[in-house]
file entry_5.cif (mmCIF, C-alpha atoms)
data_run
#
loop_
_atom_site.label_atom_id
_atom_site.label_comp_id
_atom_site.auth_asym_id
_atom_site.auth_seq_id
_atom_site.Cartn_x
_atom_site.Cartn_y
_atom_site.Cartn_z
CA MET A 143 29.92 14.64 -7.54
CA ALA A 144 31.76 12.69 -4.96
CA GLU A 145 32.50 14.16 -1.60
CA THR A 146 35.35 16.55 -2.06
CA GLU A 147 37.88 17.66 0.47
CA LYS A 148 35.87 20.81 0.90
CA GLY A 149 33.01 18.82 2.38
CA PHE A 150 29.72 17.28 1.55
CA GLU A 151 28.20 17.77 -1.89
CA PRO A 152 24.60 16.58 -1.99
CA LYS A 153 23.26 14.45 -4.81
CA ILE A 154 19.81 15.55 -5.78
CA ILE A 155 17.52 13.90 -8.30
CA ALA A 156 14.95 16.25 -9.79
CA PHE A 157 12.06 14.69 -11.68
CA CYS A 158 10.71 17.29 -14.09
CA CYS A 159 7.62 17.00 -16.22
CA ASN A 160 8.06 17.48 -19.93
CA TRP A 161 5.56 20.27 -20.38
CA CYS A 162 6.23 22.71 -17.56
CA SER A 163 9.11 22.05 -15.22
CA TYR A 164 11.58 20.70 -17.74
CA ALA A 165 10.83 23.66 -19.98
CA GLY A 166 11.31 25.81 -16.89
CA ALA A 167 14.70 24.22 -16.28
CA ASP A 168 15.53 24.79 -19.93
CA LEU A 169 14.55 28.41 -19.61
CA ALA A 170 16.75 28.78 -16.55
CA GLY A 171 19.62 27.68 -18.80
CA SER A 172 18.62 30.00 -21.66
CA MET A 173 18.39 32.86 -19.20
CA ARG A 174 21.90 31.99 -17.99
CA LEU A 175 20.66 31.63 -14.43
CA LYS A 176 22.92 29.70 -12.13
CA TYR A 177 21.74 26.84 -10.01
CA PRO A 178 23.81 24.20 -8.23
CA ALA A 179 25.13 21.38 -10.38
CA ASN A 180 24.09 19.00 -7.59
CA VAL A 181 20.63 18.84 -9.11
CA LEU A 182 20.30 16.17 -11.79
CA PRO A 183 17.10 16.63 -13.75
CA ILE A 184 15.31 13.59 -15.13
CA ARG A 185 12.62 14.32 -17.67
CA VAL A 186 9.34 12.44 -17.43
CA MET A 187 6.22 13.08 -19.44
CA CYS A 188 4.12 14.09 -16.46
CA SER A 189 4.67 14.42 -12.73
CA GLY A 190 1.93 11.80 -12.47
CA ARG A 191 4.32 9.43 -14.21
CA ILE A 192 6.67 9.61 -11.27
CA SER A 193 5.93 6.36 -9.58
CA PRO A 194 6.58 6.39 -5.84
CA HIS A 195 8.95 3.56 -6.61
CA PHE A 196 11.19 5.97 -8.57
CA ILE A 197 11.48 8.15 -5.49
CA LEU A 198 12.34 5.15 -3.34
CA LYS A 199 14.85 3.91 -5.86
CA ALA A 200 16.57 7.30 -5.94
CA PHE A 201 16.96 7.17 -2.16
CA GLN A 202 18.06 3.55 -2.28
CA ARG A 203 20.80 4.38 -4.76
CA GLY A 204 22.17 7.15 -2.56
CA ALA A 205 20.31 10.31 -3.48
CA ASP A 206 20.40 12.83 -0.64
CA GLY A 207 17.29 14.57 -1.84
CA VAL A 208 14.53 14.07 -4.37
CA LEU A 209 12.78 16.99 -5.99
CA VAL A 210 9.48 16.31 -7.74
CA THR A 211 8.31 19.09 -10.01
CA GLY A 212 5.28 19.46 -12.20
CA CYS A 213 2.88 21.97 -13.65
CA HIS A 214 0.86 24.29 -11.45
CA TYR A 215 -2.60 23.09 -10.46
CA GLY A 216 -4.92 23.42 -13.42
CA ASP A 217 -2.04 23.61 -15.89
CA CYS A 218 -1.25 19.92 -16.19
CA HIS A 219 -0.99 18.85 -19.80
CA TYR A 220 -2.85 15.71 -18.84
CA ILE A 221 -5.31 17.75 -16.78
CA LYS A 222 -4.90 16.10 -13.38
CA GLY A 223 -1.57 14.30 -13.11
CA ASN A 224 -0.14 16.79 -10.63
CA TYR A 225 -3.06 16.44 -8.22
CA ILE A 226 -2.30 12.74 -7.93
CA THR A 227 1.40 13.52 -7.54
CA LYS A 228 0.70 15.82 -4.62
CA ARG A 229 -1.32 13.14 -2.85
CA ARG A 230 1.32 10.51 -3.41
CA VAL A 231 4.16 12.72 -2.25
CA THR A 232 2.26 13.63 0.91
CA ILE A 233 1.72 9.98 1.85
CA MET A 234 5.29 9.16 0.84
CA LYS A 235 6.73 11.90 3.07
CA ASP A 236 4.83 10.54 6.03
CA LEU A 237 6.00 7.02 5.30
CA LEU A 238 9.62 8.19 5.01
CA LYS A 239 9.28 9.98 8.32
CA PHE A 240 7.84 6.86 9.91
CA VAL A 241 10.85 4.78 8.90
CA GLY A 242 13.31 7.46 9.97
CA ILE A 243 14.22 9.28 6.77
CA ASP A 244 13.86 13.04 7.09
CA PRO A 245 10.76 14.00 5.06
CA ARG A 246 12.45 17.28 4.08
CA ARG A 247 14.59 15.22 1.72
CA LEU A 248 11.57 14.91 -0.53
CA ARG A 249 9.99 18.02 -1.96
CA ALA A 250 7.25 18.65 -4.50
CA ASP A 251 7.01 21.99 -6.24
CA TRP A 252 5.16 23.41 -9.20
CA ILE A 253 7.18 25.20 -11.85
CA ALA A 254 5.71 26.55 -15.07
CA ALA A 255 7.50 26.67 -18.43
CA SER A 256 7.92 30.42 -18.03
CA GLU A 257 9.40 30.21 -14.54
CA GLY A 258 13.09 29.71 -15.24
CA ASP A 259 13.91 31.91 -12.28
CA LYS A 260 11.68 29.81 -10.00
CA PHE A 261 13.41 26.64 -11.10
CA ALA A 262 16.80 28.11 -10.29
CA LYS A 263 15.49 29.39 -6.96
CA VAL A 264 13.88 26.09 -5.94
CA ALA A 265 16.98 24.12 -7.00
CA THR A 266 19.26 26.43 -5.01
CA GLU A 267 17.04 26.47 -1.93
CA PHE A 268 16.60 22.72 -1.94
CA THR A 269 20.33 22.07 -2.40
CA GLU A 270 21.13 24.32 0.54
CA GLU A 271 18.49 22.62 2.66
CA ILE A 272 19.91 19.18 1.85
CA ARG A 273 23.45 20.42 2.44
CA ALA A 274 22.37 21.48 5.91
CA LEU A 275 20.71 18.10 6.54
CA GLY A 276 23.89 16.26 5.60
CA PRO A 277 24.32 13.01 3.68
CA SER A 278 21.39 10.65 3.42
CA PRO A 279 21.52 7.90 6.04
CA LEU A 280 20.93 5.39 3.23
CA ARG A 281 24.06 6.46 1.42
CA GLY A 282 26.71 3.88 1.74
CA MET B 279 -23.50 -24.58 13.38
CA GLU B 280 -26.17 -26.99 12.22
CA ASN B 281 -28.10 -24.04 10.81
CA LEU B 282 -25.05 -22.90 8.94
CA LYS B 283 -24.53 -26.34 7.44
CA LYS B 284 -28.17 -26.57 6.45
CA ASN B 285 -28.05 -23.12 4.85
CA ILE B 286 -25.04 -24.05 2.77
CA LYS B 287 -26.57 -27.38 1.84
CA ASP B 288 -29.78 -25.68 0.69
CA MET B 289 -27.90 -23.12 -1.35
CA LEU B 290 -25.85 -25.81 -3.05
CA GLU B 291 -28.82 -28.10 -3.70
CA SER B 292 -31.01 -25.34 -5.10
CA GLY B 293 -28.20 -24.30 -7.41
CA GLU B 294 -28.07 -20.77 -5.96
CA ILE B 295 -24.36 -21.28 -5.65
CA ALA B 296 -22.18 -23.63 -7.65
CA GLY B 297 -19.63 -24.01 -4.90
CA PHE B 298 -18.94 -23.00 -1.34
CA LEU B 299 -15.47 -22.22 -0.11
CA GLY B 300 -15.12 -23.04 3.55
CA LEU B 301 -12.83 -24.82 5.96
CA ILE B 302 -13.02 -28.46 6.96
CA GLU B 303 -11.28 -30.27 9.72
CA GLU B 304 -9.13 -33.07 8.49
CA GLU B 305 -6.86 -35.06 10.76
CA GLY B 306 -7.12 -32.32 13.33
CA HIS B 307 -6.17 -29.52 10.96
CA PRO B 308 -8.48 -26.97 9.41
CA ILE B 309 -7.92 -26.79 5.66
CA PRO B 310 -9.76 -24.89 2.92
CA PHE B 311 -12.28 -26.90 0.95
CA LEU B 312 -14.55 -26.15 -1.99
CA PHE B 313 -17.93 -27.78 -1.41
CA THR B 314 -20.02 -28.62 -4.47
CA LYS B 315 -23.26 -30.48 -5.05
CA ASP B 316 -21.24 -33.70 -5.26
CA SER B 317 -19.47 -33.30 -1.95
CA LEU B 318 -22.37 -32.50 0.36
CA ASP B 319 -21.35 -35.32 2.70
CA LYS B 320 -18.18 -33.41 3.45
CA LEU B 321 -20.30 -30.70 5.09
CA ASP B 322 -20.18 -32.72 8.32
CA ALA B 323 -16.55 -31.77 8.62
CA LEU B 324 -17.24 -28.04 8.11
CA THR B 325 -15.53 -26.05 10.80
CA VAL B 326 -15.13 -22.46 11.93
CA PRO B 327 -11.82 -22.61 13.72
CA ASP B 328 -10.02 -19.94 15.71
CA ILE B 329 -7.48 -19.48 12.99
CA ARG B 330 -7.63 -17.54 9.78
CA TYR B 331 -7.01 -18.44 6.19
CA PRO B 332 -6.62 -15.97 3.33
CA MET B 333 -10.03 -17.03 2.04
CA THR B 334 -10.32 -14.33 -0.61
CA ASP B 335 -6.95 -15.30 -2.01
CA ILE B 336 -8.22 -18.81 -2.61
CA LEU B 337 -11.54 -17.43 -3.82
CA LEU B 338 -9.76 -15.35 -6.44
CA LYS B 339 -8.13 -18.47 -7.85
CA ILE B 340 -11.51 -20.18 -8.06
CA VAL B 341 -13.17 -17.15 -9.62
CA ARG B 342 -10.47 -16.94 -12.25
CA LYS B 343 -11.09 -20.54 -13.18
CA TYR B 344 -14.90 -20.40 -13.06
CA PRO B 345 -15.71 -16.76 -13.86
CA GLU B 346 -19.38 -17.34 -14.53
CA ASP B 347 -20.34 -19.38 -11.48
CA THR B 348 -21.77 -18.04 -8.27
CA ILE B 349 -19.55 -18.97 -5.36
CA GLY B 350 -20.29 -18.87 -1.66
CA VAL B 351 -17.46 -18.15 0.70
CA MET B 352 -16.97 -18.08 4.44
CA VAL B 353 -15.79 -14.61 5.42
CA ARG B 354 -14.61 -12.98 8.60
CA GLY B 355 -14.50 -9.21 9.03
CA CYS B 356 -11.13 -8.98 7.31
CA ASP B 357 -12.16 -11.23 4.40
CA ASP B 358 -15.26 -9.13 3.94
CA ARG B 359 -13.19 -5.96 3.69
CA ALA B 360 -11.04 -7.79 1.14
CA LEU B 361 -14.16 -8.69 -0.88
CA ILE B 362 -15.13 -5.01 -1.00
CA GLU B 363 -11.68 -4.02 -2.20
CA LEU B 364 -11.53 -6.83 -4.76
CA ALA B 365 -14.89 -5.73 -6.17
CA LYS B 366 -13.64 -2.13 -6.34
CA ASN B 367 -10.62 -3.30 -8.27
CA GLN B 368 -12.78 -5.37 -10.58
CA LYS B 369 -11.25 -8.67 -9.58
CA ILE B 370 -14.60 -10.16 -8.60
CA LEU B 371 -18.23 -9.38 -9.34
CA SER B 372 -20.11 -8.91 -6.08
CA ASP B 373 -23.25 -10.32 -7.71
CA LEU B 374 -21.52 -13.65 -8.18
CA ILE B 375 -20.27 -13.94 -4.60
CA ARG B 376 -22.37 -15.06 -1.64
CA PRO B 377 -20.46 -14.21 1.52
CA ILE B 378 -21.39 -16.24 4.58
CA GLY B 379 -20.32 -14.03 7.45
CA VAL B 380 -18.63 -15.26 10.59
CA ALA B 381 -18.11 -12.92 13.51
CA CYS B 382 -14.87 -13.34 15.41
CA THR B 383 -14.71 -13.94 19.14
CA LYS B 384 -13.42 -11.37 21.60
CA GLU B 385 -10.20 -13.35 22.05
CA MET B 386 -9.56 -13.43 18.32
CA ALA B 387 -10.32 -9.73 17.92
CA GLU B 388 -7.85 -8.94 20.66
CA TYR B 389 -5.22 -11.27 19.27
CA CYS B 390 -5.54 -9.66 15.84
CA ARG B 391 -5.95 -6.13 17.22
CA CYS B 392 -8.82 -6.00 14.78
CA SER B 393 -10.82 -2.79 14.52
CA GLN B 394 -13.78 -4.49 12.89
CA PRO B 395 -13.96 -8.20 13.71
CA TYR B 396 -17.28 -8.75 11.98
CA PRO B 397 -18.48 -8.82 8.37
CA ARG B 398 -21.38 -6.83 6.90
CA GLU B 399 -23.77 -9.72 7.41
CA ILE B 400 -23.32 -12.19 10.23
CA HIS B 401 -24.52 -15.76 9.80
CA TYR B 402 -22.52 -17.33 12.58
CA GLY B 403 -21.13 -16.11 15.88
CA GLU B 404 -21.81 -13.06 18.02
CA LYS B 405 -20.70 -9.60 17.02
CA VAL B 406 -18.10 -8.12 19.37
CA GLU B 407 -16.72 -4.62 19.32
CA GLY B 408 -13.40 -3.97 17.64
CA VAL B 409 -10.14 -3.19 19.36
CA LYS B 410 -8.62 0.26 19.02
CA ASP B 411 -4.92 -0.20 19.54
CA ARG B 412 -2.18 1.85 17.97
CA SER B 413 0.53 0.98 20.46
CA ASP B 414 2.68 -0.47 17.67
CA LEU B 415 2.65 2.87 15.85
CA GLU B 416 3.19 4.82 19.06
CA LYS B 417 6.22 2.72 19.85
CA VAL B 418 7.88 3.83 16.61
CA GLU B 419 6.62 7.39 16.83
CA SER B 420 8.17 7.83 20.25
CA MET B 421 11.64 7.37 18.73
CA ASP B 422 13.59 10.12 16.99
CA LEU B 423 14.41 9.85 13.30
CA SER B 424 17.77 8.15 13.52
CA ASP B 425 16.50 5.61 16.08
CA ARG B 426 13.56 4.85 13.84
CA LEU B 427 15.86 4.18 10.91
CA ASP B 428 18.07 1.94 13.03
CA TYR B 429 15.01 0.09 14.28
CA TRP B 430 13.57 -0.46 10.81
CA MET B 431 16.87 -1.32 9.14
CA GLY B 432 17.41 -3.84 11.91
CA GLN B 433 14.00 -5.32 11.27
CA PHE B 434 14.33 -5.28 7.47
CA SER B 435 17.75 -6.89 7.59
CA LYS B 436 16.08 -10.01 9.02
CA CYS B 437 14.17 -10.45 5.76
CA ILE B 438 14.92 -13.66 3.87
CA LYS B 439 12.94 -12.53 0.83
CA CYS B 440 10.48 -15.39 0.97
CA TYR B 441 7.69 -13.18 -0.43
CA GLY B 442 5.43 -14.65 2.26
CA CYS B 443 3.93 -11.23 2.99
CA ARG B 444 3.02 -10.72 -0.62
CA ASN B 445 1.81 -14.24 -1.27
CA ILE B 446 -0.58 -14.34 1.65
CA CYS B 447 -1.89 -10.82 1.06
CA SER B 448 -5.50 -10.63 -0.10
CA MET B 449 -4.73 -7.34 -1.79
CA CYS B 450 -1.74 -8.57 -3.79
CA PHE B 451 -3.60 -9.55 -6.92
CA CYS B 452 -1.45 -7.85 -9.57
CA ASP B 453 -0.30 -9.94 -12.51
CA GLN B 454 3.09 -8.28 -12.44
CA CYS B 455 4.78 -7.47 -9.18
CA THR B 456 7.10 -4.50 -8.69
CA LEU B 457 9.09 -6.59 -6.25
CA GLU B 458 10.15 -8.77 -9.19
CA ASP B 459 10.80 -5.94 -11.62
CA ASP B 460 14.51 -5.66 -12.21
CA THR B 461 14.29 -2.08 -13.43
CA LEU B 462 13.10 -0.97 -10.00
CA ILE B 463 14.82 -3.34 -7.64
CA LEU B 464 17.67 -5.83 -7.68
CA THR B 465 16.15 -9.20 -8.43
CA GLY B 466 17.48 -12.69 -8.14
CA GLN B 467 19.38 -12.17 -4.93
CA ALA B 468 18.69 -12.65 -1.27
CA PRO B 469 18.63 -10.89 1.12
CA PRO B 470 16.74 -8.12 -0.62
CA GLU B 471 17.79 -4.51 -1.01
CA ILE B 472 16.63 -2.66 2.07
CA PRO B 473 14.70 -0.56 2.83
CA ILE B 474 13.33 -0.25 -0.74
CA PHE B 475 11.97 -3.80 -0.84
CA HIS B 476 9.76 -3.21 2.15
CA LEU B 477 8.96 0.40 1.41
CA ILE B 478 7.74 -0.35 -2.11
CA ARG B 479 5.29 -2.79 -0.61
CA ALA B 480 4.41 -0.36 2.16
CA PHE B 481 3.60 2.42 -0.25
CA HIS B 482 1.68 0.07 -2.47
CA MET B 483 -0.47 -0.79 0.51
CA ALA B 484 -1.69 2.81 0.79
CA GLY B 485 -5.32 2.69 -0.22
CA ARG B 486 -5.13 -1.08 -0.46
CA CYS B 487 -4.33 -2.61 2.91
CA ILE B 488 -7.39 -3.90 4.75
CA ASP B 489 -5.42 -4.41 7.96
CA CYS B 490 -5.94 -8.14 8.33
CA GLY B 491 -2.44 -8.67 9.68
CA LEU B 492 -1.82 -11.95 7.87
CA CYS B 493 1.47 -10.59 6.46
CA GLU B 494 2.90 -10.23 9.91
CA GLU B 495 1.61 -13.65 10.95
CA ALA B 496 3.15 -15.22 7.85
CA CYS B 497 6.52 -13.51 8.19
CA PRO B 498 9.08 -16.09 9.33
CA ALA B 499 11.44 -13.30 10.41
CA HIS B 500 8.79 -11.56 12.55
CA ILE B 501 9.22 -8.19 10.85
CA PRO B 502 6.50 -5.85 12.17
CA LEU B 503 5.22 -5.22 8.64
CA ARG B 504 1.73 -4.51 9.80
CA SER B 505 2.82 -1.31 11.56
CA LEU B 506 4.09 0.05 8.25
CA TYR B 507 0.86 -0.73 6.48
CA ARG B 508 -1.23 0.55 9.37
CA LYS B 509 0.70 3.78 9.16
CA VAL B 510 -0.13 4.36 5.49
CA ARG B 511 -3.69 3.26 6.15
CA GLU B 512 -3.94 5.85 8.90
CA ASP B 513 -2.40 8.49 6.62
CA MET B 514 -4.93 7.77 3.92
CA ALA B 515 -7.70 8.31 6.45
CA ASP B 516 -6.07 11.44 7.90
CA TYR B 517 -5.17 13.22 4.70
CA LEU B 518 -7.70 11.94 2.23
CA GLY B 519 -10.53 10.65 4.38
CA TYR B 520 -10.33 7.26 2.74
CA VAL B 521 -10.65 4.00 4.61
CA THR B 522 -10.35 0.76 2.67
CA GLY B 523 -12.90 -2.00 2.90
CA MET B 524 -15.83 0.17 3.92
CA ASP B 525 -17.79 1.24 0.89
CA GLU B 526 -17.71 -0.42 -2.50
CA THR B 527 -18.54 2.80 -4.32
CA GLU B 528 -15.64 4.83 -2.92
CA ARG B 529 -12.52 4.87 -5.06
CA ASP B 530 -8.89 4.98 -4.04
CA PRO B 531 -7.97 8.69 -4.01
CA LEU B 532 -4.42 7.85 -5.08
CA GLU B 533 -5.83 6.52 -8.33
CA PHE B 534 -9.02 8.51 -8.82
CA LEU B 535 -9.66 12.16 -8.20
CA GLY B 536 -13.42 11.94 -8.01
CA SER B 537 -15.95 13.94 -9.96
CA ASP B 538 -16.44 16.90 -7.64
CA GLY B 539 -13.42 18.91 -8.75
CA TYR B 540 -9.82 18.05 -8.16
CA GLU B 541 -9.22 20.16 -5.09
CA VAL B 542 -6.27 19.22 -2.99
CA PRO B 543 -7.45 18.75 0.60
CA THR B 544 -6.15 21.64 2.69
CA LYS B 545 -4.40 19.30 5.05
CA ILE B 546 -2.27 18.09 2.15
CA ASP B 547 -1.62 21.53 0.73
CA GLU B 548 0.04 22.59 3.96
CA THR B 549 2.65 19.85 3.82
#

call {"tool": "encode", "arguments": {"input": "entry_5.cif", "output": "C-alpha cells"}}
result
Amino acid sequence: MAETEKGFEPKIIAFCCNWCSYAGADLAGSMRLKYPANVLPIRVMCSGRISPHFILKAFQRGADGVLVTGCHYGDCHYIKGNYITKRRVTIMKDLLKFVGIDPRRLRADWIAASEGDKFAKVATEFTEEIRALGPSPLRG
Amino acid sequence: MENLKKNIKDMLESGEIAGFLGLIEEEGHPIPFLFTKDSLDKLDALTVPDIRYPMTDILLKIVRKYPEDTIGVMVRGCDDRALIELAKNQKILSDLIRPIGVACTKEMAEYCRCSQPYPREIHYGEKVEGVKDRSDLEKVESMDLSDRLDYWMGQFSKCIKCYGCRNICSMCFCDQCTLEDDTLILTGQAPPEIPIFHLIRAFHMAGRCIDCGLCEEACPAHIPLRSLYRKVREDMADYLGYVTGMDETERDPLEFLGSDGYEVPTKIDET
C-alpha cells in the first residue's frame, strides 16, 4: 500500500483478539461488508497480550495508525485482559502525546464476535481519521 | 555520625544483621562497601556524602548471593522508595532488610528536584520538605506536537546506546530486557532505533519509576530521560491514583486489577 499518485494511503495495524474482535472481523467478511484495505489485522489471543511494545514497534516501522480491539468489558475470554489493555492504552496515548505523536493515531475499541458491522464501521472511521491526519511523522 | 557508627557496630556484633551496605571514603572518593563482623575497623571510614549511589542495585546483587541473611543498608528517600517497590515485586523480603535512613539536605533535595527527600525512618540528618517542580514537563507541554517530536528526536538522536540509564536504574531488575530482544527492537547496532528505544523504557517505567533521577545523571548524552518517566509517573497518579514507592501493599494497576471489581476509572473511560 505505497503512496499512490492519487495521494496518501494510510497503513493501519489492527490488533484483534482471537475470541471477539477477530471473529468480528471474520463476520464482516462473511457478511460481505466493505472496509478499507488499509487495515491489516493481526490476531492475538487476547487484547491483554498486546504488549505496549507491539504498539511502539508498529509506529517505529511506519504504521500511520494502530487500532487495538478486544472484547467488551465483562466478555473477555480471560475475564480481565481488556481492562488492563484499556489502562495501558490510556497511559500510552498520553506518552505518545508527550513526545509529539498525535494520540489519535492510537485507538482502542471493543468489538464482539457478532459485531461484524461494528468492525467495518470502526475500521472505516479510523482509516478516514488517519487519512485526515496525514502520514505518521515517524514514517521515513 | 558517631551514633550511626555505633548503631551499625552494635547491629553487626549482635548478629542482628550479617552485613551492612554503606559508603566509605577511600582516597577522597566515596565508594560502596559491605561491612561485616570482620571489617568493623572500616567503620571509621563510613561516610554520608552529598552524592548518591544506586544502593538498592548493589543490595539486590548481595541479596541474590546471600538470600537468607539479614542485610542493613544505608538508604536515602529515593532508595527507600526503591526498597518498597522491590519488595512489591518480590525481589527482596522486607523482613530481611534493615534500612538505615538518611535524610537529604535542602541543597541536595533542590539539586535532585526530589519530592520526598527523606526515607520512612530517619537515623541521620534532618528532614526537609520536598521540592515540587514540574518545570521540565511544562517546558515540553508548552510546545505543539510537531515541535515536541523535533525536540525529542533531537534528544534521542544523541543516544550512544550505552544502556547507562538501564544499568543504574534501581527498578531495572528484569532477567531479560526488552531493549535486548531482537524481536522487538533492532539489536547489535548503535545508535539505537529512535524513538522506540527510549519509549519502550519510558512505558516500562509506568508504575515502576521511583523518580530518583539517576538515569538522567548517568546519561553521558544528557538526554532529559527523567521528564519522560516523570510524565508516565504523573499519568499513573492522575488516571489510576497510583504512586510508586509509597505503600508496600498497593499493587501496580497496570499489572493487577485489584479485588474490588474491575471497573475502569471514569477518567480513563472518557479517553

call {"tool": "resolve_selection", "arguments": {"input": "entry_5.cif", "expression": "the PyMOL selection byres ((chain A) within 10 of (chain B))", "output": "PyMOL selection string"}}
result
chain A and resi 194-203+215-216+221-223+225-245+249-250+279-280

call {"tool": "residues_around", "arguments": {"input": "entry_5.cif", "residues": "Asn160 of chain A", "least_positions_apart": "4", "cutoff": "8 Å", "atoms": "all atoms listed in the file", "output": "list of chain:residue names"}}
result
A:Tyr164, A:Ala165, A:Arg185, A:Val186, A:Met187, A:Cys188

call {"tool": "closest_residue", "arguments": {"input": "entry_5.cif", "among": "A:Tyr177, A:Phe268, A:Phe157, A:Trp252", "to": "Cys218 of chain A", "atoms": "all atoms listed in the file"}}
result
A:Trp252

call {"tool": "atom_distance", "arguments": {"input": "entry_5.cif", "atom1": "atom CA of Leu318 of chain B", "atom2": "atom CA of Gly306 of chain B"}}
result
20.0 Å

call {"tool": "resolve_selection", "arguments": {"input": "entry_5.cif", "expression": "the PyMOL selection byres ((chain B and resi 450) around 12)", "output": "number ranges by chain"}}
result
B: 332, 334-335, 338, 360, 363-364, 367, 369, 441-449, 451-457, 479-480, 482-483, 486-488, 493

call {"tool": "atom_distance", "arguments": {"input": "entry_5.cif", "atom1": "atom CA of Ala170 of chain A", "atom2": "atom CA of Leu275 of chain A"}}
result
25.7 Å

call {"tool": "atom_distance", "arguments": {"input": "entry_5.cif", "atom1": "atom CA of Val326 of chain B", "atom2": "atom CA of Met524 of chain B"}}
result
24.0 Å

call {"tool": "closest_residue", "arguments": {"input": "entry_5.cif", "among": "A:Pro178, A:Gly149, A:Gly258, A:Gly204", "to": "Gly166 of chain A", "atoms": "only C-alpha atoms"}}
result
A:Gly258

call {"tool": "axis_aligned_box", "arguments": {"input": "entry_5.cif", "around": "segment 404-414 of chain B", "padding_each_side": "5 Å", "output": "lines of an AutoDock Vina configuration file"}}
result
center_x = -9.6
center_y = -5.6
center_z = 18.7
size_x = 34.5
size_y = 24.9
size_z = 13.4

call {"tool": "closest_residue", "arguments": {"input": "entry_5.cif", "among": "B:Ile362, B:Tyr402, B:Lys410, B:Ile501", "to": "Thr527 of chain B", "atoms": "all atoms listed in the file"}}
result
B:Ile362

call {"tool": "residues_around", "arguments": {"input": "entry_5.cif", "residues": "Arg391 of chain B", "least_positions_apart": "4", "cutoff": "8 Å", "atoms": "all atoms listed in the file", "output": "compact mmCIF listing (two decimals) with C-alpha atoms, keeping the file's coordinate frame"}}
result
# COMPACT_ATOMS: atom_id res chain seq x y z
CA ALA B 387 -10.32 -9.73 17.92
CA GLY B 408 -13.40 -3.97 17.64
CA VAL B 409 -10.14 -3.19 19.36
CA LYS B 410 -8.62 0.26 19.02
CA ASP B 411 -4.92 -0.20 19.54

call {"tool": "resolve_selection", "arguments": {"input": "entry_5.cif", "expression": "the PyMOL selection byres ((chain B and resi 286) around 9)", "output": "ChimeraX atom specification"}}
result
/B:281-285,287-291,295,298,321,350,378

call {"tool": "residues_around", "arguments": {"input": "entry_5.cif", "residues": "Ile375 of chain B", "least_positions_apart": "2", "cutoff": "12 Å", "atoms": "all atoms listed in the file", "output": "ChimeraX atom specification"}}
result
/B:294-299,334,337-338,340-341,344-353,358,361-362,364-365,369-373,377-378

call {"tool": "residues_around", "arguments": {"input": "entry_5.cif", "residues": "Val208 of chain A", "least_positions_apart": "5", "cutoff": "6 Å", "atoms": "only C-alpha atoms", "output": "MDAnalysis selection string"}}
result
chainID A and resid 154:156 248

call {"tool": "residues_near_point", "arguments": {"input": "entry_5.cif", "point": "(20.4, 31.2, -5.9)", "cutoff": "7 Å", "atoms": "all atoms listed in the file", "output": "PyMOL selection string"}}
result
chain A and resi 176-177+262-263+266
